[in-house]
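This is work.txt. It holds compact mmCIF, C-alpha atoms.
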```
# COMPACT_ATOMS: atom_id res chain seq x y z
CA MET S 1 -41.62 -127.61 15.68
CA ASP S 2 -42.42 -126.51 12.12
CA LYS S 3 -40.95 -123.02 11.67
CA PRO S 4 -39.45 -121.64 14.89
CA LEU S 5 -39.81 -117.91 15.58
CA LEU S 6 -37.30 -116.63 18.11
CA ARG S 7 -38.55 -114.30 20.84
CA ALA S 8 -36.79 -111.05 21.71
CA LEU S 9 -33.85 -112.18 23.84
CA GLN S 10 -30.66 -110.67 25.25
CA PRO S 11 -27.91 -113.17 24.34
CA GLN S 12 -24.88 -113.19 26.61
CA PRO S 13 -21.41 -114.41 25.56
CA ILE S 14 -19.99 -117.02 27.94
CA GLN S 15 -17.47 -119.85 28.16
CA HIS S 16 -19.18 -123.24 28.22
CA ARG S 17 -17.05 -126.32 28.84
CA GLY S 18 -14.00 -124.33 27.84
CA ARG S 19 -15.44 -123.08 24.56
CA PRO S 20 -17.08 -119.78 23.52
CA ALA S 21 -20.87 -119.95 23.65
CA ILE S 22 -23.94 -117.75 23.79
CA LEU S 23 -26.19 -117.98 26.83
CA LEU S 24 -29.89 -117.85 25.98
CA ARG S 25 -32.61 -117.68 28.61
CA ASP S 26 -36.23 -116.69 28.89
CA PRO S 27 -36.36 -113.04 30.07
CA LEU S 28 -39.64 -113.75 31.90
CA ARG S 29 -38.01 -116.64 33.81
CA LEU S 30 -40.93 -118.94 33.11
CA ARG S 31 -38.47 -121.83 32.98
CA PRO S 32 -35.44 -122.17 35.25
CA HIS S 33 -33.07 -123.61 32.66
CA SER S 34 -31.14 -121.84 29.90
CA VAL S 35 -29.37 -122.84 26.68
CA ALA S 36 -25.64 -122.52 25.98
CA LEU S 37 -25.55 -122.23 22.19
CA PRO S 38 -22.14 -122.97 20.62
CA GLN S 39 -20.68 -119.79 19.14
CA GLN S 40 -20.53 -121.26 15.63
CA LEU S 41 -24.32 -121.60 15.70
CA ALA S 42 -24.86 -117.90 16.47
CA PRO S 43 -26.23 -117.25 12.94
CA LEU S 44 -29.10 -119.57 13.83
CA LEU S 45 -30.61 -116.83 15.99
CA ALA S 46 -31.17 -114.49 13.04
CA LEU S 47 -32.49 -117.31 10.88
CA CYS S 48 -35.22 -118.35 13.36
CA ASP S 49 -37.68 -115.81 11.95
CA GLY S 50 -40.66 -118.13 11.49
CA THR S 51 -40.07 -118.79 7.79
CA ARG S 52 -37.94 -121.97 7.90
CA ASP S 53 -38.30 -125.48 9.30
CA ALA S 54 -35.30 -127.46 10.60
CA ALA S 55 -34.24 -128.54 7.10
CA GLY S 56 -34.49 -124.96 5.85
CA LEU S 57 -32.47 -123.68 8.80
CA ARG S 58 -29.79 -126.30 8.12
CA ALA S 59 -29.56 -125.25 4.49
CA ALA S 60 -29.49 -121.53 5.34
CA LEU S 61 -26.72 -122.07 7.89
CA ALA S 62 -24.62 -123.79 5.25
CA VAL S 63 -25.24 -121.24 2.48
CA ARG S 64 -25.25 -118.00 4.46
CA ALA S 65 -22.78 -118.72 7.23
CA GLY S 66 -20.77 -121.69 5.96
CA VAL S 67 -21.84 -123.66 9.05
CA ARG S 68 -22.51 -127.34 8.45
CA VAL S 69 -24.48 -129.25 11.08
CA GLY S 70 -26.33 -132.56 10.99
CA LEU S 71 -30.12 -132.40 10.83
CA GLU S 72 -30.56 -134.50 13.99
CA SER S 73 -28.11 -132.33 15.92
CA LEU S 74 -29.86 -129.15 14.78
CA GLU S 75 -33.27 -130.56 15.68
CA ALA S 76 -31.93 -131.38 19.16
CA VAL S 77 -30.76 -127.76 19.60
CA ILE S 78 -34.15 -126.45 18.45
CA ARG S 79 -35.97 -128.79 20.88
CA GLU S 80 -33.76 -127.60 23.73
CA MET S 81 -34.50 -123.97 22.84
CA ASP S 82 -38.21 -124.73 22.61
CA GLU S 83 -38.25 -126.38 26.04
CA ALA S 84 -36.57 -123.26 27.43
CA LEU S 85 -39.46 -121.18 25.98
CA LEU S 86 -37.25 -119.20 23.64
CA PHE S 87 -39.70 -119.36 20.72
CA ASP S 88 -42.90 -117.41 20.22
CA ASN S 89 -45.30 -120.35 19.87
CA GLU S 90 -48.15 -122.22 21.53
CA ARG S 91 -45.91 -123.71 24.24
CA PHE S 92 -44.78 -120.21 25.22
CA ALA S 93 -48.34 -118.79 25.09
CA THR S 94 -49.58 -121.58 27.38
CA ALA S 95 -46.79 -120.92 29.88
CA VAL S 96 -47.51 -117.18 29.85
CA ALA S 97 -51.23 -117.73 30.49
CA ALA S 98 -50.47 -120.00 33.45
CA ALA S 99 -47.92 -117.55 34.88
CA GLU S 100 -50.35 -114.64 34.54
CA ARG S 101 -53.02 -116.55 36.47
CA GLU S 102 -50.56 -117.44 39.20
CA TYR S 103 -49.26 -113.87 39.45
CA ARG S 104 -52.70 -112.26 39.61
CA GLU S 105 -54.10 -114.79 42.10
CA ALA S 106 -51.18 -114.37 44.50
CA PRO S 107 -51.75 -112.09 47.53
CA PHE S 108 -48.89 -109.81 46.43
CA ARG S 109 -45.97 -109.42 44.03
CA SER S 110 -43.07 -111.17 45.76
CA PRO S 111 -39.68 -109.41 46.06
CA VAL S 112 -37.61 -111.34 43.52
CA LEU S 113 -34.24 -109.87 44.55
CA ALA S 114 -34.60 -110.61 48.27
CA GLY S 115 -31.86 -113.05 49.24
CA GLU S 116 -29.94 -112.32 46.02
CA SER S 117 -29.26 -108.60 45.63
CA TYR S 118 -30.16 -107.67 49.21
CA PRO S 119 -30.93 -109.57 52.45
CA ALA S 120 -34.29 -111.32 52.73
CA ASP S 121 -34.13 -111.11 56.51
CA PRO S 122 -35.89 -107.89 57.66
CA ALA S 123 -33.37 -107.10 60.40
CA GLU S 124 -30.38 -107.69 58.15
CA LEU S 125 -31.91 -105.53 55.43
CA ARG S 126 -32.61 -102.74 57.91
CA SER S 127 -29.01 -102.89 59.08
CA LEU S 128 -27.67 -102.77 55.52
CA LEU S 129 -29.69 -99.71 54.53
CA ALA S 130 -28.83 -97.99 57.82
CA SER S 131 -25.14 -98.51 57.07
CA TYR S 132 -25.56 -96.64 53.77
CA GLU S 133 -27.39 -93.84 55.61
CA GLU S 134 -24.62 -93.56 58.19
CA GLY S 135 -22.04 -93.43 55.43
CA SER S 136 -23.88 -90.63 53.64
CA HIS S 137 -24.15 -88.39 56.72
CA GLY S 138 -21.76 -85.50 56.63
CA GLU S 139 -20.37 -86.52 53.24
CA LYS S 140 -22.13 -83.64 51.55
CA ASP S 141 -24.47 -81.03 52.96
CA LEU S 142 -27.98 -81.46 51.67
CA PRO S 143 -29.04 -78.38 49.69
CA PRO S 144 -32.01 -76.49 51.16
CA GLN S 145 -35.37 -77.48 49.70
CA GLU S 146 -37.97 -74.84 48.98
CA GLY S 147 -41.56 -75.65 48.15
CA LEU S 148 -43.57 -78.87 48.27
CA LEU S 149 -41.81 -82.08 47.27
CA ARG S 150 -43.39 -83.38 44.06
CA GLY S 151 -40.87 -85.77 42.57
CA VAL S 152 -37.80 -87.91 43.17
CA ILE S 153 -35.22 -89.54 40.92
CA CYS S 154 -33.40 -92.42 42.57
CA PRO S 155 -31.25 -95.16 41.01
CA HIS S 156 -32.29 -98.73 40.31
CA ILE S 157 -28.76 -100.10 40.27
CA ASP S 158 -27.88 -102.68 42.94
CA TYR S 159 -27.41 -101.37 46.47
CA GLN S 160 -23.78 -102.55 46.61
CA ARG S 161 -22.84 -99.90 44.03
CA GLY S 162 -25.58 -97.31 44.44
CA GLY S 163 -26.24 -97.53 48.19
CA PRO S 164 -24.82 -94.10 49.14
CA VAL S 165 -26.84 -92.33 46.43
CA TYR S 166 -30.03 -94.18 47.43
CA ALA S 167 -29.45 -93.21 51.06
CA ARG S 168 -28.81 -89.58 50.25
CA VAL S 169 -31.92 -89.04 48.13
CA TRP S 170 -34.32 -91.01 50.36
CA ARG S 171 -32.99 -89.33 53.51
CA ALA S 172 -33.54 -85.93 51.91
CA ALA S 173 -37.08 -86.86 50.85
CA GLN S 174 -38.13 -88.66 54.02
CA GLU S 175 -39.88 -85.86 55.90
CA ALA S 176 -41.80 -84.66 52.85
CA LEU S 177 -42.84 -88.21 51.95
CA ARG S 178 -44.53 -88.59 55.32
CA GLY S 179 -47.18 -86.09 54.25
CA ALA S 180 -47.90 -87.75 50.89
CA GLU S 181 -51.32 -89.24 50.17
CA LEU S 182 -50.14 -91.17 47.11
CA ILE S 183 -46.79 -92.25 45.68
CA VAL S 184 -46.38 -93.12 41.99
CA ILE S 185 -43.29 -95.23 41.22
CA LEU S 186 -42.17 -95.20 37.59
CA GLY S 187 -39.63 -97.90 36.77
CA THR S 188 -37.65 -98.78 33.65
CA ASP S 189 -39.04 -101.85 31.90
CA HIS S 190 -35.79 -103.47 30.78
CA LEU S 191 -37.74 -106.00 28.72
CA GLY S 192 -39.11 -103.25 26.48
CA GLY S 193 -42.84 -103.83 26.48
CA ALA S 194 -45.79 -101.48 26.17
CA PRO S 195 -45.32 -97.72 26.68
CA LEU S 196 -46.75 -98.10 30.19
CA THR S 197 -47.56 -101.33 32.01
CA LEU S 198 -49.80 -101.42 35.07
CA THR S 199 -50.48 -103.99 37.75
CA ARG S 200 -53.16 -104.25 40.43
CA GLN S 201 -50.86 -106.34 42.58
CA HIS S 202 -49.38 -105.03 45.83
CA TYR S 203 -45.59 -104.92 45.94
CA ALA S 204 -44.08 -106.76 48.90
CA THR S 205 -40.75 -106.20 50.65
CA PRO S 206 -39.12 -108.23 53.45
CA TRP S 207 -41.03 -106.00 55.91
CA GLY S 208 -44.46 -106.69 54.47
CA MET S 209 -46.73 -105.37 51.76
CA LEU S 210 -47.01 -101.90 50.23
CA PRO S 211 -50.65 -101.18 49.35
CA THR S 212 -51.34 -100.49 45.69
CA ALA S 213 -53.89 -97.70 45.08
CA ILE S 214 -56.28 -99.87 43.06
CA GLU S 215 -58.67 -97.03 42.24
CA VAL S 216 -55.88 -95.03 40.60
CA VAL S 217 -54.63 -98.06 38.68
CA ASP S 218 -58.18 -98.71 37.42
CA ALA S 219 -58.58 -95.10 36.29
CA LEU S 220 -55.29 -95.33 34.41
CA ALA S 221 -56.24 -98.66 32.85
CA GLU S 222 -59.50 -97.18 31.57
CA ALA S 223 -57.60 -94.31 29.96
CA ILE S 224 -54.82 -96.45 28.48
CA GLY S 225 -56.97 -99.26 27.15
CA PRO S 226 -56.05 -102.91 26.43
CA ALA S 227 -52.29 -102.25 26.43
CA ALA S 228 -52.37 -101.43 30.16
CA TYR S 229 -51.92 -105.06 31.28
CA ARG S 230 -50.53 -106.63 28.10
CA ASP S 231 -47.05 -107.03 29.61
CA GLU S 232 -48.06 -107.28 33.26
CA LEU S 233 -45.77 -110.28 33.79
CA HIS S 234 -42.84 -107.91 33.38
CA HIS S 235 -43.64 -106.65 36.89
CA ARG S 236 -42.98 -110.17 38.16
CA VAL S 237 -39.28 -110.09 37.20
CA GLU S 238 -38.39 -106.39 36.76
CA HIS S 239 -36.14 -104.99 39.51
CA SER S 240 -36.42 -101.22 38.98
CA ILE S 241 -39.60 -100.60 40.99
CA GLU S 242 -38.68 -103.18 43.63
CA LEU S 243 -35.40 -101.52 44.58
CA ALA S 244 -37.15 -98.16 45.05
CA ALA S 245 -40.06 -99.75 46.92
CA VAL S 246 -37.68 -101.28 49.48
CA TRP S 247 -36.22 -97.85 50.30
CA LEU S 248 -39.69 -96.31 50.41
CA HIS S 249 -40.81 -98.96 52.91
CA HIS S 250 -37.61 -98.42 54.89
CA VAL S 251 -38.14 -94.68 55.35
CA LEU S 252 -41.94 -94.73 55.86
CA GLY S 253 -42.63 -98.15 57.38
CA ASP S 254 -46.30 -99.04 57.85
CA ALA S 255 -47.25 -95.39 57.27
CA THR S 256 -46.60 -95.79 53.54
CA PRO S 257 -49.61 -94.45 51.60
CA GLY S 258 -51.11 -95.99 48.47
CA VAL S 259 -48.57 -96.77 45.76
CA VAL S 260 -49.05 -96.84 41.97
CA PRO S 261 -46.33 -99.03 40.36
CA ILE S 262 -45.88 -98.34 36.62
CA LEU S 263 -43.30 -99.83 34.27
CA CYS S 264 -42.21 -97.57 31.40
CA GLY S 265 -41.31 -99.31 28.14
CA SER S 266 -38.56 -98.54 25.65
CA PHE S 267 -38.32 -95.15 23.92
CA GLN S 268 -36.22 -96.60 21.10
CA ARG S 269 -38.95 -95.82 18.58
CA PHE S 270 -38.74 -92.12 19.47
CA ILE S 271 -34.95 -92.18 19.22
CA GLU S 272 -34.87 -93.91 15.83
CA ASP S 273 -37.74 -91.95 14.23
CA GLN S 274 -36.83 -88.63 15.92
CA ARG S 275 -40.49 -88.35 16.96
CA ASP S 276 -41.93 -86.33 19.82
CA ALA S 277 -43.13 -88.67 22.59
CA LYS S 278 -46.04 -86.28 23.16
CA ASP S 279 -47.61 -87.82 20.06
CA ASP S 280 -47.96 -91.21 21.76
CA PRO S 281 -51.66 -91.68 22.68
CA ILE S 282 -50.98 -94.07 25.58
CA LEU S 283 -48.46 -91.78 27.24
CA ASP S 284 -50.69 -88.78 26.64
CA ALA S 285 -53.76 -90.46 28.17
CA ALA S 286 -51.85 -91.60 31.24
CA VAL S 287 -50.19 -88.21 31.76
CA ARG S 288 -53.59 -86.49 31.67
CA VAL S 289 -55.00 -88.82 34.36
CA LEU S 290 -51.93 -88.65 36.57
CA GLY S 291 -51.58 -84.90 36.10
CA ARG S 292 -55.13 -84.42 37.35
CA ILE S 293 -54.51 -86.71 40.35
CA VAL S 294 -51.27 -84.92 41.23
CA SER S 295 -53.08 -81.58 41.15
CA GLU S 296 -55.85 -82.84 43.47
CA ARG S 297 -53.86 -84.84 46.04
CA ARG S 298 -50.53 -84.63 47.82
CA CYS S 299 -48.70 -86.95 45.49
CA VAL S 300 -44.99 -87.69 45.03
CA VAL S 301 -43.79 -89.20 41.74
CA VAL S 302 -40.66 -91.37 41.90
CA ALA S 303 -38.60 -92.27 38.84
CA ALA S 304 -36.43 -95.32 39.57
CA ALA S 305 -33.89 -94.60 36.85
CA ASP S 306 -30.22 -95.13 36.06
CA LEU S 307 -28.45 -92.96 33.48
CA ALA S 308 -25.63 -93.82 31.05
CA HIS S 309 -24.35 -97.35 30.34
CA VAL S 310 -20.98 -97.23 28.55
CA GLY S 311 -18.08 -99.58 27.86
CA PRO S 312 -17.55 -103.13 26.57
CA ALA S 313 -20.02 -104.56 29.11
CA PHE S 314 -22.75 -102.79 27.11
CA GLY S 315 -21.46 -103.45 23.61
CA ASP S 316 -18.91 -100.67 23.08
CA ALA S 317 -15.75 -101.64 21.23
CA TYR S 318 -13.31 -99.98 23.64
CA PRO S 319 -12.98 -99.51 27.41
CA VAL S 320 -13.89 -96.13 28.86
CA ASP S 321 -10.67 -94.22 29.44
CA PHE S 322 -10.15 -90.94 31.29
CA VAL S 323 -11.07 -88.83 28.25
CA ARG S 324 -14.30 -90.69 27.54
CA ARG S 325 -15.28 -90.60 31.19
CA ALA S 326 -15.00 -86.82 31.03
CA ARG S 327 -17.13 -86.76 27.87
CA VAL S 328 -19.78 -88.98 29.45
CA LYS S 329 -19.90 -86.76 32.51
CA GLY S 330 -20.18 -83.66 30.32
CA ALA S 331 -23.09 -85.15 28.39
CA ASP S 332 -24.71 -86.26 31.65
CA ASP S 333 -24.30 -82.75 33.09
CA ALA S 334 -26.12 -81.22 30.11
CA MET S 335 -28.85 -83.86 30.38
CA LEU S 336 -29.29 -83.31 34.12
CA GLN S 337 -29.56 -79.56 33.52
CA ALA S 338 -32.53 -80.14 31.18
CA ILE S 339 -34.07 -82.56 33.69
CA GLY S 340 -33.60 -80.11 36.55
CA ASP S 341 -35.23 -77.39 34.47
CA GLY S 342 -38.29 -79.63 33.99
CA ASP S 343 -37.62 -79.60 30.23
CA GLU S 344 -38.75 -83.03 29.04
CA THR S 345 -38.58 -81.94 25.39
CA GLY S 346 -34.96 -80.80 25.67
CA PHE S 347 -34.08 -83.95 27.63
CA LEU S 348 -35.48 -86.21 24.91
CA ARG S 349 -34.05 -84.10 22.09
CA GLN S 350 -30.51 -84.41 23.46
CA LEU S 351 -30.73 -88.20 23.46
CA GLN S 352 -32.27 -88.17 19.99
CA GLU S 353 -29.46 -86.01 18.62
CA GLU S 354 -26.80 -88.32 20.02
CA ARG S 355 -28.80 -91.44 19.08
CA ASP S 356 -28.71 -92.44 22.74
CA VAL S 357 -25.10 -93.61 22.45
CA ARG S 358 -24.89 -93.53 26.26
CA ARG S 359 -27.81 -95.97 26.58
CA VAL S 360 -29.73 -93.97 29.18
CA CYS S 361 -32.11 -96.66 30.42
CA GLY S 362 -33.83 -94.17 32.73
CA LEU S 363 -35.10 -92.11 29.79
CA PRO S 364 -38.73 -93.42 29.86
CA PRO S 365 -39.47 -93.02 33.61
CA ILE S 366 -37.69 -89.66 33.87
CA TYR S 367 -39.51 -88.32 30.80
CA VAL S 368 -42.89 -89.47 32.15
CA LEU S 369 -42.12 -87.95 35.57
CA LEU S 370 -41.39 -84.57 33.95
CA ARG S 371 -44.58 -84.76 31.88
CA ILE S 372 -46.68 -85.52 34.95
CA LEU S 373 -45.15 -82.79 37.11
CA GLY S 374 -45.34 -80.04 34.51
CA GLU S 375 -43.67 -76.85 35.69
CA THR S 376 -41.13 -77.93 38.28
CA ARG S 377 -37.54 -77.49 39.40
CA GLY S 378 -35.12 -80.27 40.26
CA THR S 379 -32.23 -80.13 42.72
CA LEU S 380 -29.36 -82.54 42.07
CA LEU S 381 -28.30 -84.23 45.31
CA ASP S 382 -25.69 -86.64 44.06
CA TYR S 383 -24.13 -88.09 40.91
CA THR S 384 -21.57 -90.82 40.41
CA LEU S 385 -20.15 -93.32 37.93
CA CYS S 386 -20.38 -96.95 39.06
CA PRO S 387 -18.03 -99.65 37.70
CA ALA S 388 -19.74 -102.29 35.56
CA ASP S 389 -16.94 -104.77 34.91
CA THR S 390 -13.87 -106.15 36.64
CA GLN S 391 -11.53 -104.39 34.19
CA ASN S 392 -12.89 -100.98 35.25
CA GLY S 393 -13.59 -100.15 31.62
CA SER S 394 -17.40 -100.01 31.75
CA PHE S 395 -19.57 -97.71 33.85
CA VAL S 396 -23.15 -96.88 34.79
CA SER S 397 -23.90 -93.31 35.86
CA ILE S 398 -26.58 -92.68 38.49
CA CYS S 399 -28.01 -89.67 40.30
CA GLY S 400 -30.36 -88.55 43.03
CA MET S 401 -32.65 -85.56 42.47
CA LEU S 402 -35.62 -83.91 44.20
CA PHE S 403 -38.31 -81.86 42.46
CA THR S 404 -40.35 -79.10 44.08
```
Take the structure in the file and give it back as structure tokens.
Amino acid sequence: MDKPLLRALQPQPIQHRGRPAILLRDPLRLRPHSVALPQQLAPLLALCDGTRDAAGLRAALAVRAGVRVGLESLEAVIREMDEALLFDNERFATAVAAAEREYREAPFRSPVLAGESYPADPAELRSLLASYEEGSHGEKDLPPQEGLLRGVICPHIDYQRGGPVYARVWRAAQEALRGAELIVILGTDHLGGAPLTLTRQHYATPWGMLPTAIEVVDALAEAIGPAAYRDELHHRVEHSIELAAVWLHHVLGDATPGVVPILCGSFQRFIEDQRDAKDDPILDAAVRVLGRIVSERRCVVVAAADLAHVGPAFGDAYPVDFVRRARVKGADDAMLQAIGDGDETGFLRQLQEERDVRRVCGLPPIYVLLRILGETRGTLLDYTLCPADTQNGSFVSICGMLFT
């Protein structure tokens, strides 16, 4: 390899053979193996910017970080990283092209979390979800719903932590969903990616296949342009839409209408530049198409979205104590008020003003849902903070909401 260029990764600190290390793996899971990079070589990640060969990297490590490593040893590390597809190069491009062909030629998008995050056996899965439904009965009275159901916010956290909130929101929406002609599922694209990423594939669950409304996807793709499928492989590994699709299939069964699965990419550019997302041409084109479809058909838009991510598990210096939990909940309350009012501008502005310090990963799908629905009112059904580490110092907040 001449001058390695590192791809966008999410390094994870680990202990490897009793020593601190950094776990590196391909976010697209094109290769099963990962790399445990010794902690002292961490500066290598910033230096792999496509401007240095192995000798240049060795020299830069010594000068900039005071790290001395033999050339052969460094070349071995670079080869291992290359084989794991961690560099943006021809090897990676070839693997992506092959994976795209395989994904698009398959009869459906397979449920990647089945057997890991939830049971792959249909009967066991049905029993698990029913247990969450039974636990949510009588816990809180469902508020009365007035008007036609137009939208839903549900979590995309694992069922073990978010099961009761999933059950509450999908139980409340079940009857109205039975009359829907089309269901749009907006999920967070945790890999970043294009503003919106489409797929013509059908999403499968352990009970079978949910039909994708191909004609709607094609109309969106025509409006969005070449970016529509640029990151389609993200659908292959992203869990946000899948976890909502399983509950949708659970409550509707084979009567599920056409589904439009859309991944929503990062809004970091709007946070950093303090720009209005309404200026984005891709979002604007898609909202116009979907807004017209929603006005013509009985359509329900689902945002599979978690809220705040706070604590050391997400990069904060200190655990979340009682005082900070109260502050997070207060900020979430203000945010949920704007969401419930259908105020996408106020919702985005709040996160811009606080520089998204709560890491609200559901920002993109919730914002797009509000843009599509236009004038609407949301009713909050449930809200909770879920633990995110064994020390109980990190949390993810989630909610369930219906829009009429």
Determine, for each residue of region 279-375 of chain S having at least one atom at most 12 Å from an atom of region 161-168 of chain S, the closest pair of atoms and their separation in Å to one decimal, counting only C-alpha atoms; order by chain and ascending number, as a tab-separated table.
```
residue	atom	partner	partner_atom	distance
S:Ala304	CA	S:Tyr166	CA	10.2
S:Ala305	CA	S:Tyr166	CA	11.3
S:Asp306	CA	S:Gly162	CA	9.8
```
Report task. Write out as a list in words each polymer residue whose atoms come within 9 Å of region 292-296 of chain S, counting all atoms listed in the file; drop sequence neighbours fewer than 3 positions from it. Result -> Arg150, Leu182, Val216, Val287, Arg288, Val289, Cys299, Val300, Val301, Ile372 and Leu373 of chain S
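Considering the residues S:Asp189, S:Glu222, S:Glu238, S:Glu134 and counting all atoms listed in the file, Pro111 (chain S) has its shortest atom-to-atom contact with S:Glu238.
With all atoms listed in the file as the atoms that count, the minimum distance from Ala228 (chain S) to the choices S:Met335, S:Val251, S:Leu198, S:Ala245 is reached by S:Leu198.
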**Report entry** Pairwise distance for CA of Thr212 (chain S) and CA of Lys278 (chain S), rounded to one decimal in Å
**Finding:**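 Between CA of Thr212 (chain S) and CA of Lys278 (chain S) the gap works out to 27.2 Å.
Across the structure, CA of Arg79 (chain S) and CA of Gln10 (chain S) are spaced 19.4 Å apart.
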Query raised in the report: Could you name the residues that touch Ala65 (chain S) at 12 Å or less, counting all atoms listed in the file, but leaving out those on the same chain fewer than 4 positions away, as a ChimeraX atom specification?
Result: /S:40-47,57-61,69
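Note that CA of Asp333 (chain S) and CA of Asp382 (chain S) are 11.7 Å apart.
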Quick one: which region 288-403 of chain S residues come within 10 Å of region 190-196 of chain S, and what is the nearest atom pair for each with the distance in Å to one decimal, counting all atoms listed in the file, rows ordered by chain and ascending number, as CSV?
```
residue,atom,partner,partner_atom,distance
S:Cys361,CA,S:His190,CA,7.7
S:Gly362,CA,S:His190,CA,9.7
S:Pro364,CA,S:Pro195,CA,8.5
S:Pro365,CA,S:Leu196,CA,9.5
S:Val368,CA,S:Leu196,CA,9.7
```
